[in-house]
2 protein chains.
Amino acid sequence: MRKIFQQELTELGDDLLAMSHKVAEAVRVAGEALREADIEKAERVIDADNRIDEYEDSIEAMCLSLLARQQPVATDLRLVVSGMRLSATLERMGDLARHVAYMSRARYPEQVCEGPMFDLISEMTEYATDITSELPRLLDSHDLEIAAEIRRKDDNLDEALKRAFELLNVEQVELKRHEVVDAVLLTRFLERLGDHTVSGANRMEYLVTGDLDLSVTENVGLEEFVD
Amino acid sequence: MRKIFQQELTELGDDLLAMSHKVAEAVRVAGEALREADIEKAERVIDADNRIDEYEDSIEAMCLSLLARQQPVATDLRLVVSGMRLSATLERMGDLARHVAYMSRARYPEQVCEGPMFDLISEMTEYATDITSELPRLLDSHDLEIAAEIRRKDDNLDEALKRAFELLNVEQVELKRHEVVDAVLLTRFLERLGDHTVSGANRMEYLVTGDLDLSVTENVGLEEFVD
């Protein structure tokens, strides 16, 4: 019984790791689709999101079943609860990657926008790819130094978002109406990918240390950039 | 022991209900602040969000403690797991209400925008107030007809969001750059409030029926309105 339980916990960890790899890849490919105006890559991200959603369903079902049958305590309980939380966070990250891909597809064959705003959005896709790629490493190693690194890397996205809104609020910067709309949504989605990655890192820290940090809200207060 | 457990489950339900009332009020007052350009109301929403976050922390801690000490099964387990999920959803809704309030405050003493876009955003704040006010009623009564009503009411926000993006993409509609930025964010926040309310309704349905519906993703695919 105990042996089966441990096997199931291992399976849970493996599924979360596999899910985090799928999400990191979705973010990477969505960024490439955006930078290269590559509709095949955009379609690939959109199609792959179903698989990510299936992971959440099966992981949540597995966690509920584990709680009901095994009634875990201590570290095992943290593992199951963290698993439920992490799968929900990863599912949301998959949605955001899909949103980014939708916008590349909607503008194809054109770029979502041009000039300095395009450069800034491209920069943010690189940051989003970089930070989300840390999550599988963290899930695999449980190395909390990676969690700290994730929190540091989120600053890149927060700082870039502020620059984006400064740029957007300059009437002189030449942007079509739909480019403004796309830029607001894209920069928001990319910044949220950073927030969710930090949220996942905090969950992993809780898993390892038992010290629950629920401060998974946004690092950038909107008041800082809607002014 | 069992008696204490039942008392704790009742307490959990009471806390979730109280939290949902706070969130519904935050959404209502944030909408008023926006429609009336009332900075006192905006400040009230912003200040009240800390209390909502505290509810999430205490509810999550209570749920973890219940899982560890009481190892609930069946309906009791569903109650605890749903409690964790619902508190996370409610916390996020509080953040969105705070975001709306930030934007009123940032534009004060002016309105966030003018003309038909202001009317549409105002309409969306009414829909958001309406749908979120159903959540405490659902948590209190466990009446699944209210859950169905919530799903129906979310269509108002989805449909209004589409109209907003149609309006935004008409270059002829006179809007300052910052009005476009605000309108994109505000309409997105308000539509997300609907999505999270539906997510909460689905969780309650799971609690009552045991039938888990994880389809809490957005009803409006972005591809429908970024074109």
# chains A, B, ... in the order shown; residues from 1 in each chain; ligands from 1
>>> interface_residues(of="chain B", to="chain A", cutoff="8 Å", atoms="only C-alpha atoms", output="ChimeraX atom specification")
/B:57,67-68,71-74,77,95,99,102-103,106-107,168-171,176-178,180-182,184-185,214,217,222-223,226-227
>>> write_last_selection(atoms="N, CA and C atoms", output="JSON list (two decimals), in the first residue's frame")
[["chain", "number", "residue", "atom", "x", "y", "z"],
["B", 57, "ASP", "N", -5.24, 33.75, 2.89],
["B", 57, "ASP", "CA", -4.20, 33.13, 3.70],
["B", 57, "ASP", "C", -4.80, 32.26, 4.79],
["B", 67, "LEU", "N", -6.81, 19.09, 6.35],
["B", 67, "LEU", "CA", -6.34, 17.92, 5.59],
["B", 67, "LEU", "C", -5.35, 17.11, 6.43],
["B", 68, "ALA", "N", -4.48, 17.83, 7.13],
["B", 68, "ALA", "CA", -3.42, 17.15, 7.90],
["B", 68, "ALA", "C", -3.98, 16.46, 9.15],
["B", 71, "GLN", "N", -7.86, 14.42, 7.89],
["B", 71, "GLN", "CA", -7.86, 13.52, 6.74],
["B", 71, "GLN", "C", -9.27, 13.21, 6.24],
["B", 72, "PRO", "N", -9.96, 14.27, 5.80],
["B", 72, "PRO", "CA", -11.35, 14.10, 5.37],
["B", 72, "PRO", "C", -11.46, 13.26, 4.10],
["B", 73, "VAL", "N", -12.60, 12.64, 3.91],
["B", 73, "VAL", "CA", -12.89, 11.89, 2.68],
["B", 73, "VAL", "C", -14.24, 12.35, 2.14],
["B", 74, "ALA", "N", -14.54, 11.88, 0.93],
["B", 74, "ALA", "CA", -15.85, 12.10, 0.31],
["B", 74, "ALA", "C", -16.24, 13.59, 0.33],
["B", 77, "LEU", "N", -13.91, 16.03, 2.07],
["B", 77, "LEU", "CA", -12.69, 16.31, 1.30],
["B", 77, "LEU", "C", -12.98, 17.32, 0.19],
["B", 95, "ASP", "N", -8.14, 41.20, -6.61],
["B", 95, "ASP", "CA", -7.06, 41.91, -7.32],
["B", 95, "ASP", "C", -7.61, 42.66, -8.53],
["B", 99, "HIS", "N", -7.47, 46.52, -9.44],
["B", 99, "HIS", "CA", -6.92, 47.08, -10.69],
["B", 99, "HIS", "C", -7.86, 48.13, -11.28],
["B", 102, "TYR", "N", -7.57, 51.20, -9.26],
["B", 102, "TYR", "CA", -6.32, 51.91, -9.56],
["B", 102, "TYR", "C", -6.50, 52.83, -10.76],
["B", 103, "MET", "N", -7.21, 52.32, -11.76],
["B", 103, "MET", "CA", -7.32, 53.09, -13.01],
["B", 103, "MET", "C", -8.22, 54.30, -12.83],
["B", 106, "ALA", "N", -6.01, 56.74, -11.01],
["B", 106, "ALA", "CA", -4.95, 57.31, -11.84],
["B", 106, "ALA", "C", -5.48, 58.44, -12.73],
["B", 107, "ARG", "N", -6.75, 58.34, -13.12],
["B", 107, "ARG", "CA", -7.32, 59.36, -14.03],
["B", 107, "ARG", "C", -8.02, 60.49, -13.30],
["B", 168, "LEU", "N", -12.81, 49.71, -30.36],
["B", 168, "LEU", "CA", -11.40, 50.12, -30.24],
["B", 168, "LEU", "C", -10.69, 50.08, -31.59],
["B", 169, "ASN", "N", -11.11, 49.15, -32.44],
["B", 169, "ASN", "CA", -10.39, 49.00, -33.70],
["B", 169, "ASN", "C", -10.89, 49.93, -34.80],
["B", 170, "VAL", "N", -11.89, 50.76, -34.47],
["B", 170, "VAL", "CA", -12.34, 51.77, -35.43],
["B", 170, "VAL", "C", -11.52, 53.04, -35.21],
["B", 171, "GLU", "N", -10.58, 53.30, -36.13],
["B", 171, "GLU", "CA", -9.69, 54.46, -35.97],
["B", 171, "GLU", "C", -10.50, 55.75, -35.83],
["B", 176, "LYS", "N", -8.08, 59.26, -27.01],
["B", 176, "LYS", "CA", -6.67, 59.55, -26.77],
["B", 176, "LYS", "C", -5.94, 58.22, -26.57],
["B", 177, "ARG", "N", -4.63, 58.26, -26.77],
["B", 177, "ARG", "CA", -3.82, 57.06, -26.64],
["B", 177, "ARG", "C", -4.04, 56.39, -25.27],
["B", 178, "HIS", "N", -3.99, 57.21, -24.22],
["B", 178, "HIS", "CA", -4.12, 56.60, -22.88],
["B", 178, "HIS", "C", -5.53, 56.06, -22.65],
["B", 180, "VAL", "N", -7.25, 54.52, -24.99],
["B", 180, "VAL", "CA", -7.23, 53.20, -25.62],
["B", 180, "VAL", "C", -6.59, 52.19, -24.66],
["B", 181, "VAL", "N", -5.45, 52.59, -24.10],
["B", 181, "VAL", "CA", -4.74, 51.70, -23.16],
["B", 181, "VAL", "C", -5.65, 51.33, -21.99],
["B", 182, "ASP", "N", -6.28, 52.35, -21.38],
["B", 182, "ASP", "CA", -7.16, 52.10, -20.24],
["B", 182, "ASP", "C", -8.32, 51.21, -20.63],
["B", 184, "VAL", "N", -8.59, 48.98, -23.03],
["B", 184, "VAL", "CA", -8.20, 47.59, -23.25],
["B", 184, "VAL", "C", -8.05, 46.87, -21.92],
["B", 185, "LEU", "N", -7.35, 47.52, -20.97],
["B", 185, "LEU", "CA", -7.13, 46.88, -19.67],
["B", 185, "LEU", "C", -8.44, 46.73, -18.89],
["B", 214, "LEU", "N", -13.42, 21.25, -14.85],
["B", 214, "LEU", "CA", -12.25, 22.15, -14.78],
["B", 214, "LEU", "C", -12.25, 23.18, -15.91],
["B", 217, "THR", "N", -11.52, 28.03, -18.30],
["B", 217, "THR", "CA", -10.79, 28.94, -19.19],
["B", 217, "THR", "C", -11.75, 29.99, -19.75],
["B", 222, "LEU", "N", -9.36, 34.83, -27.68],
["B", 222, "LEU", "CA", -8.86, 36.13, -28.13],
["B", 222, "LEU", "C", -8.94, 36.29, -29.64],
["B", 223, "GLU", "N", -8.82, 35.13, -30.35],
["B", 223, "GLU", "CA", -8.83, 35.24, -31.82],
["B", 223, "GLU", "C", -10.11, 35.91, -32.29],
["B", 226, "VAL", "N", -9.12, 40.01, -31.60],
["B", 226, "VAL", "CA", -7.90, 40.74, -31.95],
["B", 226, "VAL", "C", -7.81, 40.95, -33.46],
["B", 227, "ASP", "N", -8.68, 40.29, -34.21],
["B", 227, "ASP", "CA", -8.64, 40.49, -35.66],
["B", 227, "ASP", "C", -9.08, 41.91, -36.03]]
>>> residues_around(residues="Ala201 of chain A", least_positions_apart="4", cutoff="8 Å", atoms="only C-alpha atoms", output="PyMOL selection string")
chain A and resi 135+138+147+150-151+197+205
>>> write_last_selection(atoms="N, CA, C and O atoms", output="PDB file, in the first residue's frame")
ATOM      1  N   LEU A 135      11.382  26.884 -14.719  1.00  0.00           N
ATOM      2  CA  LEU A 135      10.423  26.150 -13.899  1.00  0.00           C
ATOM      3  C   LEU A 135      10.636  24.632 -13.955  1.00  0.00           C
ATOM      4  O   LEU A 135      10.698  23.986 -12.901  1.00  0.00           O
ATOM      5  N   LEU A 138      13.529  23.840 -11.832  1.00  0.00           N
ATOM      6  CA  LEU A 138      13.201  23.900 -10.408  1.00  0.00           C
ATOM      7  C   LEU A 138      12.410  22.669  -9.966  1.00  0.00           C
ATOM      8  O   LEU A 138      12.704  22.060  -8.935  1.00  0.00           O
ATOM      9  N   ALA A 147      14.552  29.050  -7.557  1.00  0.00           N
ATOM     10  CA  ALA A 147      13.359  29.835  -7.191  1.00  0.00           C
ATOM     11  C   ALA A 147      13.728  31.304  -7.000  1.00  0.00           C
ATOM     12  O   ALA A 147      13.034  32.209  -7.464  1.00  0.00           O
ATOM     13  N   ILE A 150      14.343  32.872 -10.319  1.00  0.00           N
ATOM     14  CA  ILE A 150      13.070  33.165 -10.994  1.00  0.00           C
ATOM     15  C   ILE A 150      12.508  34.495 -10.511  1.00  0.00           C
ATOM     16  O   ILE A 150      12.083  35.336 -11.311  1.00  0.00           O
ATOM     17  N   ARG A 151      12.567  34.725  -9.202  1.00  0.00           N
ATOM     18  CA  ARG A 151      12.049  35.997  -8.677  1.00  0.00           C
ATOM     19  C   ARG A 151      12.864  37.165  -9.214  1.00  0.00           C
ATOM     20  O   ARG A 151      12.312  38.214  -9.551  1.00  0.00           O
ATOM     21  N   THR A 197       5.062  32.331 -13.072  1.00  0.00           N
ATOM     22  CA  THR A 197       6.278  31.553 -12.833  1.00  0.00           C
ATOM     23  C   THR A 197       6.770  31.782 -11.406  1.00  0.00           C
ATOM     24  O   THR A 197       7.154  30.829 -10.710  1.00  0.00           O
ATOM     25  N   GLU A 205       8.859  26.364  -3.216  1.00  0.00           N
ATOM     26  CA  GLU A 205       9.545  26.701  -1.971  1.00  0.00           C
ATOM     27  C   GLU A 205       8.739  26.163  -0.784  1.00  0.00           C
ATOM     28  O   GLU A 205       9.289  25.594   0.154  1.00  0.00           O
TER      29      GLU A 205
END
>>> residues_around(residues="Glu36 of chain B", least_positions_apart="2", cutoff="12 Å", atoms="only C-alpha atoms", output="ChimeraX atom specification")
/B:29-34,38-42,101,104-105,107-113,118-119,122,125
>>> atom_distance(atom1="atom CA of Asn202 of chain B", atom2="atom CA of Gly83 of chain B")
12.5 Å
>>> atom_distance(atom1="atom CA of Lys153 of chain A", atom2="atom CA of Ala128 of chain A")
9.0 Å
